[in-house]
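Source file: target-v2.cif. Holds: mmCIF, C-alpha atoms.
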```
data_query
#
loop_
_atom_site.group_PDB
_atom_site.id
_atom_site.type_symbol
_atom_site.label_atom_id
_atom_site.label_comp_id
_atom_site.auth_asym_id
_atom_site.auth_seq_id
_atom_site.Cartn_x
_atom_site.Cartn_y
_atom_site.Cartn_z
ATOM 1 C CA MET I 1 -19.904 -1.768 -16.500
ATOM 2 C CA LYS I 2 -22.153 -1.809 -13.427
ATOM 3 C CA LYS I 3 -22.015 1.208 -11.135
ATOM 4 C CA GLY I 4 -21.085 -0.993 -8.170
ATOM 5 C CA VAL I 5 -18.110 -2.494 -9.993
ATOM 6 C CA LEU I 6 -16.991 0.926 -11.259
ATOM 7 C CA LEU I 7 -17.165 2.267 -7.699
ATOM 8 C CA SER I 8 -15.035 -0.674 -6.517
ATOM 9 C CA TYR I 9 -12.418 0.107 -9.158
ATOM 10 C CA LEU I 10 -12.365 3.738 -8.049
ATOM 11 C CA GLN I 11 -12.095 2.743 -4.394
ATOM 12 C CA ILE I 12 -9.113 0.420 -4.778
ATOM 13 C CA THR I 13 -7.484 2.870 -7.194
ATOM 14 C CA GLY I 14 -7.846 5.580 -4.565
ATOM 15 C CA ALA I 15 -6.445 3.248 -1.919
ATOM 16 C CA MET I 16 -3.330 2.534 -3.980
ATOM 17 C CA ILE I 17 -2.804 6.215 -4.791
ATOM 18 C CA ILE I 18 -2.941 6.934 -1.061
ATOM 19 C CA VAL I 19 -0.467 4.125 -0.337
ATOM 20 C CA GLY I 20 1.861 5.663 -2.924
ATOM 21 C CA SER I 21 1.455 9.043 -1.241
ATOM 22 C CA ASN I 22 2.573 7.450 2.045
ATOM 23 C CA ILE I 23 6.067 7.277 0.561
ATOM 24 C CA ILE I 24 5.969 11.047 0.108
ATOM 25 C CA ALA I 25 4.618 11.532 3.625
ATOM 26 C CA GLY I 26 7.345 9.260 4.990
ATOM 27 C CA LYS I 27 9.979 11.280 3.144
ATOM 28 C CA LEU I 28 8.720 14.506 4.705
ATOM 29 C CA ILE I 29 8.445 12.927 8.159
ATOM 30 C CA SER I 30 11.943 11.445 8.008
ATOM 31 C CA HIS I 31 13.419 14.946 7.638
ATOM 32 C CA GLY I 32 11.083 16.805 9.989
ATOM 33 C CA PHE I 33 10.495 14.477 12.922
ATOM 34 C CA PRO I 34 12.648 12.032 14.878
ATOM 35 C CA ILE I 35 11.525 8.690 13.486
ATOM 36 C CA PHE I 36 10.422 7.009 16.723
ATOM 37 C CA ILE I 37 8.428 10.046 17.865
ATOM 38 C CA ALA I 38 6.736 10.295 14.463
ATOM 39 C CA SER I 39 5.840 6.604 14.424
ATOM 40 C CA THR I 40 4.514 6.697 17.981
ATOM 41 C CA LEU I 41 2.244 9.638 17.162
ATOM 42 C CA ARG I 42 1.110 8.103 13.879
ATOM 43 C CA PHE I 43 0.150 4.753 15.405
ATOM 44 C CA ALA I 44 -1.494 6.418 18.424
ATOM 45 C CA LEU I 45 -3.817 8.499 16.227
ATOM 46 C CA ALA I 46 -4.493 5.623 13.803
ATOM 47 C CA SER I 47 -5.283 3.290 16.742
ATOM 48 C CA LEU I 48 -7.814 5.758 18.120
ATOM 49 C CA LEU I 49 -9.540 6.155 14.758
ATOM 50 C CA LEU I 50 -9.603 2.390 14.142
ATOM 51 C CA LEU I 51 -11.007 1.777 17.634
ATOM 52 C CA LEU I 52 -13.906 4.108 16.821
ATOM 53 C CA LEU I 53 -14.512 2.232 13.561
ATOM 54 C CA VAL I 54 -14.450 -1.137 15.319
ATOM 55 C CA MET I 55 -16.958 0.076 17.908
ATOM 56 C CA LYS I 56 -19.228 1.305 15.111
ATOM 57 C CA PHE I 57 -19.024 -1.570 12.623
ATOM 58 C CA GLU I 58 -18.055 -4.560 14.771
ATOM 59 C CA ARG I 59 -19.988 -3.679 17.923
ATOM 60 C CA GLY I 60 -16.931 -4.242 20.089
ATOM 61 C CA PHE I 61 -13.903 -6.500 19.876
ATOM 62 C CA PRO I 62 -14.550 -10.221 19.435
ATOM 63 C CA ARG I 63 -12.733 -12.768 21.541
ATOM 64 C CA VAL I 64 -9.291 -13.459 20.104
ATOM 65 C CA MET I 65 -7.509 -16.779 20.634
ATOM 66 C CA LYS I 66 -4.125 -16.796 22.389
ATOM 67 C CA ARG I 67 -2.464 -18.216 19.264
ATOM 68 C CA ASP I 68 -3.896 -15.368 17.201
ATOM 69 C CA LEU I 69 -2.598 -12.818 19.714
ATOM 70 C CA LEU I 70 0.941 -14.163 19.264
ATOM 71 C CA ASN I 71 0.633 -13.999 15.492
ATOM 72 C CA ILE I 72 -0.817 -10.479 15.734
ATOM 73 C CA PHE I 73 2.305 -9.479 17.662
ATOM 74 C CA PHE I 74 4.536 -10.901 14.900
ATOM 75 C CA ILE I 75 2.425 -9.173 12.230
ATOM 76 C CA SER I 76 2.845 -5.855 14.000
ATOM 77 C CA PHE I 77 6.532 -6.409 14.759
ATOM 78 C CA PHE I 78 7.441 -7.114 11.146
ATOM 79 C CA GLY I 79 4.710 -5.197 9.288
ATOM 80 C CA ASN I 80 4.494 -2.083 11.468
ATOM 81 C CA PHE I 81 7.575 -1.759 13.672
ATOM 82 C CA LEU I 82 10.427 -2.989 11.463
ATOM 83 C CA TYR I 83 8.658 -1.864 8.285
ATOM 84 C CA SER I 84 8.375 1.721 9.540
ATOM 85 C CA ILE I 85 11.959 1.826 10.829
ATOM 86 C CA PHE I 86 13.425 0.511 7.579
ATOM 87 C CA LEU I 87 11.168 2.718 5.443
ATOM 88 C CA LEU I 88 11.746 5.999 7.266
ATOM 89 C CA TYR I 89 15.487 5.554 7.724
ATOM 90 C CA GLY I 90 15.747 4.401 4.111
ATOM 91 C CA LEU I 91 13.898 7.501 2.925
ATOM 92 C CA ARG I 92 16.555 9.630 4.606
ATOM 93 C CA LEU I 93 19.159 8.099 2.323
ATOM 94 C CA THR I 94 17.408 7.593 -0.994
ATOM 95 C CA SER I 95 14.767 9.276 -3.128
ATOM 96 C CA ALA I 96 11.023 8.820 -2.735
ATOM 97 C CA SER I 97 10.716 7.843 -6.400
ATOM 98 C CA GLU I 98 13.158 4.935 -6.094
ATOM 99 C CA SER I 99 11.609 3.940 -2.773
ATOM 100 C CA GLY I 100 8.163 3.768 -4.368
ATOM 101 C CA ILE I 101 9.426 1.563 -7.194
ATOM 102 C CA ILE I 102 11.130 -0.835 -4.766
ATOM 103 C CA ALA I 103 8.087 -0.870 -2.454
ATOM 104 C CA GLY I 104 5.932 -1.884 -5.424
ATOM 105 C CA SER I 105 7.733 -5.237 -5.514
ATOM 106 C CA ALA I 106 6.072 -6.359 -2.251
ATOM 107 C CA PRO I 107 3.656 -8.860 -3.921
ATOM 108 C CA VAL I 108 6.580 -10.587 -5.651
ATOM 109 C CA VAL I 109 8.578 -10.814 -2.412
ATOM 110 C CA THR I 110 5.467 -12.112 -0.647
ATOM 111 C CA ALA I 111 5.089 -14.880 -3.239
ATOM 112 C CA VAL I 112 8.708 -15.966 -2.738
ATOM 113 C CA LEU I 113 8.526 -15.915 1.068
ATOM 114 C CA SER I 114 5.191 -17.786 0.941
ATOM 115 C CA TYR I 115 6.985 -20.505 -1.001
ATOM 116 C CA ILE I 116 9.764 -20.641 1.619
ATOM 117 C CA PHE I 117 7.656 -20.506 4.788
ATOM 118 C CA LEU I 118 4.204 -21.735 3.743
ATOM 119 C CA HIS I 119 5.316 -24.091 0.943
ATOM 120 C CA GLU I 120 2.959 -22.410 -1.503
ATOM 121 C CA ARG I 121 3.476 -23.101 -5.177
ATOM 122 C CA LEU I 122 6.141 -21.024 -6.919
ATOM 123 C CA GLY I 123 5.591 -21.274 -10.664
ATOM 124 C CA LYS I 124 7.787 -20.153 -13.529
ATOM 125 C CA LYS I 125 5.877 -16.883 -13.908
ATOM 126 C CA LYS I 126 6.521 -15.934 -10.267
ATOM 127 C CA ILE I 127 10.218 -16.781 -10.644
ATOM 128 C CA PHE I 128 10.355 -14.647 -13.787
ATOM 129 C CA GLY I 129 8.599 -11.859 -11.874
ATOM 130 C CA LEU I 130 11.206 -12.063 -9.116
ATOM 131 C CA LEU I 131 14.024 -11.811 -11.656
ATOM 132 C CA LEU I 132 12.368 -8.726 -13.166
ATOM 133 C CA VAL I 133 12.170 -7.077 -9.750
ATOM 134 C CA ILE I 134 15.854 -7.800 -9.146
ATOM 135 C CA LEU I 135 16.675 -6.375 -12.577
ATOM 136 C CA GLY I 136 14.689 -3.221 -11.840
ATOM 137 C CA ILE I 137 16.392 -2.644 -8.476
ATOM 138 C CA VAL I 138 19.868 -3.298 -9.899
ATOM 139 C CA THR I 139 19.129 -0.856 -12.717
ATOM 140 C CA LEU I 140 18.171 1.825 -10.203
ATOM 141 C CA ASN I 141 21.423 1.372 -8.317
ATOM 142 C CA LEU I 142 23.684 1.218 -11.366
ATOM 143 C CA SER I 143 22.099 4.173 -13.106
ATOM 144 C CA GLY I 144 24.460 6.754 -11.690
ATOM 145 C CA ASN I 145 23.450 10.241 -10.655
ATOM 146 C CA PRO I 146 23.388 12.776 -13.452
ATOM 147 C CA LEU I 147 22.174 15.703 -11.344
ATOM 148 C CA PRO I 148 24.214 17.195 -8.514
ATOM 149 C CA GLY I 149 22.587 16.907 -5.093
ATOM 150 C CA ALA I 150 20.141 14.197 -6.172
ATOM 151 C CA MET I 151 19.936 11.465 -3.560
ATOM 152 C CA HIS I 152 21.059 8.019 -4.460
ATOM 153 C CA SER I 153 22.156 5.433 -1.925
ATOM 154 C CA VAL I 154 22.579 1.699 -2.105
ATOM 155 C CA ILE I 155 22.195 1.549 1.688
ATOM 156 C CA GLY I 156 18.954 3.514 1.462
ATOM 157 C CA ASP I 157 17.602 1.180 -1.214
ATOM 158 C CA LEU I 158 18.587 -1.837 0.900
ATOM 159 C CA LEU I 159 16.689 -0.377 3.861
ATOM 160 C CA ILE I 160 13.627 0.116 1.647
ATOM 161 C CA GLY I 161 14.083 -3.523 0.583
ATOM 162 C CA GLY I 162 14.040 -4.452 4.271
ATOM 163 C CA SER I 163 10.698 -2.671 4.650
ATOM 164 C CA VAL I 164 9.350 -4.686 1.707
ATOM 165 C CA ILE I 165 10.344 -7.916 3.464
ATOM 166 C CA GLY I 166 8.590 -6.671 6.613
ATOM 167 C CA GLU I 167 5.451 -5.975 4.594
ATOM 168 C CA ALA I 168 5.631 -9.428 3.004
ATOM 169 C CA LEU I 169 5.945 -11.085 6.429
ATOM 170 C CA TRP I 170 2.867 -9.099 7.501
ATOM 171 C CA THR I 171 0.921 -10.848 4.729
ATOM 172 C CA ILE I 172 2.348 -14.283 5.526
ATOM 173 C CA PHE I 173 1.570 -14.117 9.241
ATOM 174 C CA GLY I 174 -1.830 -12.685 8.363
ATOM 175 C CA LYS I 175 -2.685 -15.943 6.611
ATOM 176 C CA THR I 176 -2.358 -17.772 9.940
ATOM 177 C CA ILE I 177 -4.966 -15.647 11.728
ATOM 178 C CA SER I 178 -8.364 -17.214 12.447
ATOM 179 C CA PRO I 179 -11.128 -16.196 9.986
ATOM 180 C CA LYS I 180 -13.154 -15.072 13.017
ATOM 181 C CA VAL I 181 -10.837 -12.061 13.276
ATOM 182 C CA THR I 182 -12.183 -9.611 10.695
ATOM 183 C CA PRO I 183 -9.802 -7.440 8.632
ATOM 184 C CA LEU I 184 -10.928 -4.326 10.531
ATOM 185 C CA VAL I 185 -10.281 -5.890 13.942
ATOM 186 C CA LEU I 186 -6.946 -7.292 12.739
ATOM 187 C CA THR I 187 -5.859 -3.876 11.456
ATOM 188 C CA ALA I 188 -6.914 -2.216 14.716
ATOM 189 C CA LEU I 189 -5.076 -4.761 16.882
ATOM 190 C CA THR I 190 -1.880 -4.697 14.832
ATOM 191 C CA THR I 191 -1.916 -0.901 14.707
ATOM 192 C CA PHE I 192 -2.331 -0.684 18.483
ATOM 193 C CA SER I 193 0.456 -3.247 18.903
ATOM 194 C CA GLY I 194 2.623 -1.047 16.693
ATOM 195 C CA PHE I 195 1.879 1.885 18.987
ATOM 196 C CA LEU I 196 2.933 -0.151 22.048
ATOM 197 C CA LEU I 197 6.158 -1.248 20.329
ATOM 198 C CA PHE I 198 7.112 2.311 19.396
ATOM 199 C CA LEU I 199 5.939 3.936 22.645
ATOM 200 C CA PRO I 200 9.037 3.362 24.856
ATOM 201 C CA PHE I 201 11.407 4.463 22.074
ATOM 202 C CA GLY I 202 9.221 7.472 21.304
ATOM 203 C CA VAL I 203 9.156 8.522 24.968
ATOM 204 C CA VAL I 204 12.948 8.314 25.249
ATOM 205 C CA GLN I 205 13.458 10.211 21.990
ATOM 206 C CA SER I 206 11.011 12.933 23.037
ATOM 207 C CA ILE I 207 12.996 13.849 26.159
ATOM 208 C CA GLY I 208 14.305 17.333 25.510
ATOM 209 C CA PHE I 209 12.953 17.433 21.951
ATOM 210 C CA PRO I 210 11.704 20.949 21.022
ATOM 211 C CA PHE I 211 8.187 20.116 19.830
ATOM 212 C CA GLN I 212 7.244 23.798 19.858
ATOM 213 C CA SER I 213 9.815 24.505 17.127
ATOM 214 C CA LEU I 214 8.093 22.244 14.590
ATOM 215 C CA PRO I 215 6.012 23.995 11.919
ATOM 216 C CA ALA I 216 2.323 23.166 11.530
ATOM 217 C CA SER I 217 3.071 21.442 8.211
ATOM 218 C CA ASP I 218 5.074 18.709 9.974
ATOM 219 C CA TRP I 219 2.157 17.982 12.305
ATOM 220 C CA LEU I 220 -0.251 17.897 9.355
ATOM 221 C CA VAL I 221 1.883 15.254 7.645
ATOM 222 C CA ILE I 222 1.638 13.046 10.768
ATOM 223 C CA VAL I 223 -2.143 13.496 10.819
ATOM 224 C CA TYR I 224 -2.347 12.694 7.097
ATOM 225 C CA TYR I 225 -0.172 9.574 7.459
ATOM 226 C CA ALA I 226 -2.373 8.271 10.297
ATOM 227 C CA ALA I 227 -5.860 9.326 9.219
ATOM 228 C CA VAL I 228 -5.631 9.114 5.420
ATOM 229 C CA GLY I 229 -2.547 6.992 4.748
ATOM 230 C CA THR I 230 -3.456 4.286 7.264
ATOM 231 C CA VAL I 231 -7.200 4.404 8.040
ATOM 232 C CA GLY I 232 -8.430 5.976 4.796
ATOM 233 C CA ALA I 233 -6.498 3.573 2.557
ATOM 234 C CA TYR I 234 -7.801 0.634 4.600
ATOM 235 C CA LEU I 235 -11.429 1.727 4.277
ATOM 236 C CA LEU I 236 -11.206 2.274 0.526
ATOM 237 C CA TRP I 237 -9.410 -1.018 -0.114
ATOM 238 C CA TYR I 238 -11.724 -3.220 1.943
ATOM 239 C CA ARG I 239 -14.852 -1.572 0.604
ATOM 240 C CA GLY I 240 -13.756 -2.069 -2.981
ATOM 241 C CA ILE I 241 -12.180 -5.498 -2.780
ATOM 242 C CA PRO I 242 -15.274 -7.721 -2.086
ATOM 243 C CA LYS I 243 -16.857 -7.045 -5.488
ATOM 244 C CA LEU I 244 -13.727 -7.813 -7.522
ATOM 245 C CA PRO I 245 -11.771 -11.014 -8.215
ATOM 246 C CA ALA I 246 -8.548 -11.219 -6.226
ATOM 247 C CA SER I 247 -6.489 -11.494 -9.418
ATOM 248 C CA THR I 248 -8.077 -8.329 -10.830
ATOM 249 C CA ALA I 249 -7.580 -6.415 -7.612
ATOM 250 C CA GLY I 250 -3.970 -7.589 -7.506
ATOM 251 C CA MET I 251 -3.242 -5.733 -10.725
ATOM 252 C CA PHE I 252 -4.199 -2.465 -9.045
ATOM 253 C CA VAL I 253 -1.233 -2.827 -6.687
ATOM 254 C CA GLY I 254 0.804 -1.593 -9.637
ATOM 255 C CA ILE I 255 -0.775 1.844 -9.211
ATOM 256 C CA MET I 256 1.165 2.334 -5.969
ATOM 257 C CA PRO I 257 4.710 2.699 -7.394
ATOM 258 C CA VAL I 258 3.416 4.827 -10.273
ATOM 259 C CA SER I 259 1.631 7.070 -7.771
ATOM 260 C CA ALA I 260 4.737 7.360 -5.585
ATOM 261 C CA VAL I 261 6.977 8.279 -8.523
ATOM 262 C CA ILE I 262 4.605 10.872 -10.002
ATOM 263 C CA LEU I 263 3.962 12.477 -6.603
ATOM 264 C CA SER I 264 7.704 12.580 -5.881
ATOM 265 C CA TYR I 265 8.217 14.563 -9.090
ATOM 266 C CA VAL I 266 5.287 16.919 -8.440
ATOM 267 C CA LEU I 267 5.475 17.477 -4.674
ATOM 268 C CA LEU I 268 9.138 16.896 -3.869
ATOM 269 C CA LYS I 269 10.568 18.150 -7.181
ATOM 270 C CA GLU I 270 12.794 15.081 -7.460
ATOM 271 C CA PRO I 271 14.686 14.703 -10.752
ATOM 272 C CA PHE I 272 13.311 12.526 -13.528
ATOM 273 C CA LEU I 273 15.500 9.609 -14.587
ATOM 274 C CA TRP I 274 14.853 7.261 -17.487
ATOM 275 C CA THR I 275 15.877 4.382 -15.240
ATOM 276 C CA HIS I 276 12.773 5.113 -13.153
ATOM 277 C CA LEU I 277 10.651 4.183 -16.166
ATOM 278 C CA LEU I 278 12.586 0.943 -16.598
ATOM 279 C CA GLY I 279 12.240 0.176 -12.893
ATOM 280 C CA ILE I 280 8.487 0.795 -12.936
ATOM 281 C CA LEU I 281 8.130 -1.316 -16.092
ATOM 282 C CA CYS I 282 9.967 -4.229 -14.442
ATOM 283 C CA VAL I 283 7.759 -4.048 -11.342
ATOM 284 C CA LEU I 284 4.513 -3.772 -13.340
ATOM 285 C CA VAL I 285 5.401 -6.720 -15.585
ATOM 286 C CA ALA I 286 6.362 -8.718 -12.481
ATOM 287 C CA LEU I 287 2.952 -7.975 -10.924
ATOM 288 C CA ALA I 288 1.277 -9.030 -14.176
ATOM 289 C CA CYS I 289 3.201 -12.323 -14.083
ATOM 290 C CA ILE I 290 1.955 -13.038 -10.563
ATOM 291 C CA THR I 291 -1.636 -12.168 -11.504
ATOM 292 C CA VAL I 292 -1.588 -14.412 -14.585
ATOM 293 C CA ASP I 293 -0.058 -17.193 -12.501
ATOM 294 C CA LEU I 294 -2.803 -16.845 -9.862
ATOM 295 C CA ARG I 295 -5.510 -16.984 -12.533
ATOM 296 C CA SER I 296 -4.090 -20.112 -14.164
ATOM 297 C CA HIS I 297 -3.608 -21.788 -10.766
ATOM 298 C CA LYS I 298 -7.209 -21.001 -9.794
ATOM 299 C CA ARG I 299 -8.445 -22.336 -13.153
ATOM 300 C CA ARG I 300 -6.554 -25.615 -12.629
ATOM 301 C CA SER I 301 -7.878 -25.908 -9.083
ATOM 302 C CA ASN I 302 -11.462 -25.454 -10.284
ATOM 303 C CA SER I 303 -10.954 -28.082 -12.990
ATOM 304 C CA SER I 304 -9.528 -30.502 -10.449
ATOM 305 C CA GLN I 305 -12.444 -29.941 -8.078
ATOM 306 C CA SER I 306 -14.901 -30.442 -10.974
ATOM 307 C CA GLY I 307 -13.250 -33.742 -11.834
ATOM 308 C CA SER I 308 -13.461 -34.923 -8.242
ATOM 309 C CA VAL I 309 -17.183 -34.113 -8.095
ATOM 310 C CA GLU I 310 -17.829 -36.031 -11.319
ATOM 311 C CA GLN I 311 -15.952 -39.058 -9.976
ATOM 312 C CA GLY I 312 -18.014 -38.914 -6.781
ATOM 313 C CA ILE I 313 -21.267 -38.855 -8.773
ATOM 314 C CA GLY I 314 -20.071 -41.783 -10.890
ATOM 315 C CA LYS I 315 -19.630 -43.894 -7.776
#
```

Full structure transcribed into structure tokens:
Amino acid sequence: MKKGVLLSYLQITGAMIIVGSNIIAGKLISHGFPIFIASTLRFALASLLLLLLVMKFERGFPRVMKRDLLNIFFISFFGNFLYSIFLLYGLRLTSASESGIIAGSAPVVTAVLSYIFLHERLGKKKIFGLLLVILGIVTLNLSGNPLPGAMHSVIGDLLIGGSVIGEALWTIFGKTISPKVTPLVLTALTTFSGFLLFLPFGVVQSIGFPFQSLPASDWLVIVYYAAVGTVGAYLLWYRGIPKLPASTAGMFVGIMPVSAVILSYVLLKEPFLWTHLLGILCVLVALACITVDLRSHKRRSNSSQSGSVEQGIGK
């Protein structure tokens, strides 16, 4: 294996481990900070860091079309604003391990919503993947709670499901953005839009809030979520992704729920349940189904294009 390819694998693996750790950070934030204050601070710091990166790598912001600005607002509204609200409130009601497993189903939900809104092909493998995700989530909610005090909430899991839909809509609206808007600029603009959306709610929630009573650890979690969980994960992912096929990179998304579950056991001391293994297995097999479906679809598309070229030469 070439060193460049190995480095790419390590980079996207690191990115997915960080994304999984964001579930842990969100769990800690949801119990330490008011949610709107935490989100305002997170997006403010992440916006500042991304602005510095844009100025360094993009040499300033390019001109963005009015249509793209509207879509950027929708991306931020669904993928930052609603996603964060559903995720953080959901984490107050359910465990980080279950949240990570449910969040890992985002690619499957994206495939289904792409079929509904963008009329993209929805093959049998994607449908089977969706059914596996549903099975995994139902299993989590019907598993019962063998340990006293362990958190388990259908409402919490539904809120996490809402965050997954928000993340999927982020991807769908992202497909409508002009190619002239680079991923770094898009991330910076949507992050800043998220800051503006949270700002008025954060200001109202901060009135009379005793910031001085918060321990340093709570502030460090906010810094981690912004600097590492948002900016760091982005840098690793987009540095690793160009050298790998999309279908191969897609398989690495499965690292995220595994990372979230393991970290929830180690850092949060959450109880181990056998149903977690079944839930992870369902999500990982569902991701594999989508990846195989993408590969076969790409292979058919290449064959079709080859045939068209041959017909053109024959004429």

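With distances taken over all atoms listed in the file, I:Ala260 is the one residue among I:Ser163, I:Ala260, I:Pro183, I:Val266 lying closest to Ile17 of chain I.
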
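Atom CA of Thr13 of chain I is positioned 28.2 Å from atom CA of Val138 of chain I.
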
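You will find atom CA of Gly129 of chain I at 23.6 Å from atom CA of Ile241 of chain I.
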
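Our summary of the geometry notes that atom CA of Val223 of chain I is positioned 21.2 Å from atom CA of Gly90 of chain I.
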
Margin query: I'd like to see the residues matched by the PyMOL selection byres ((chain I and resi 42) around 8) on this file, and ideally I'd get them as number ranges by chain.
Written below: I: 38-41, 43-46, 222-223, 225-226
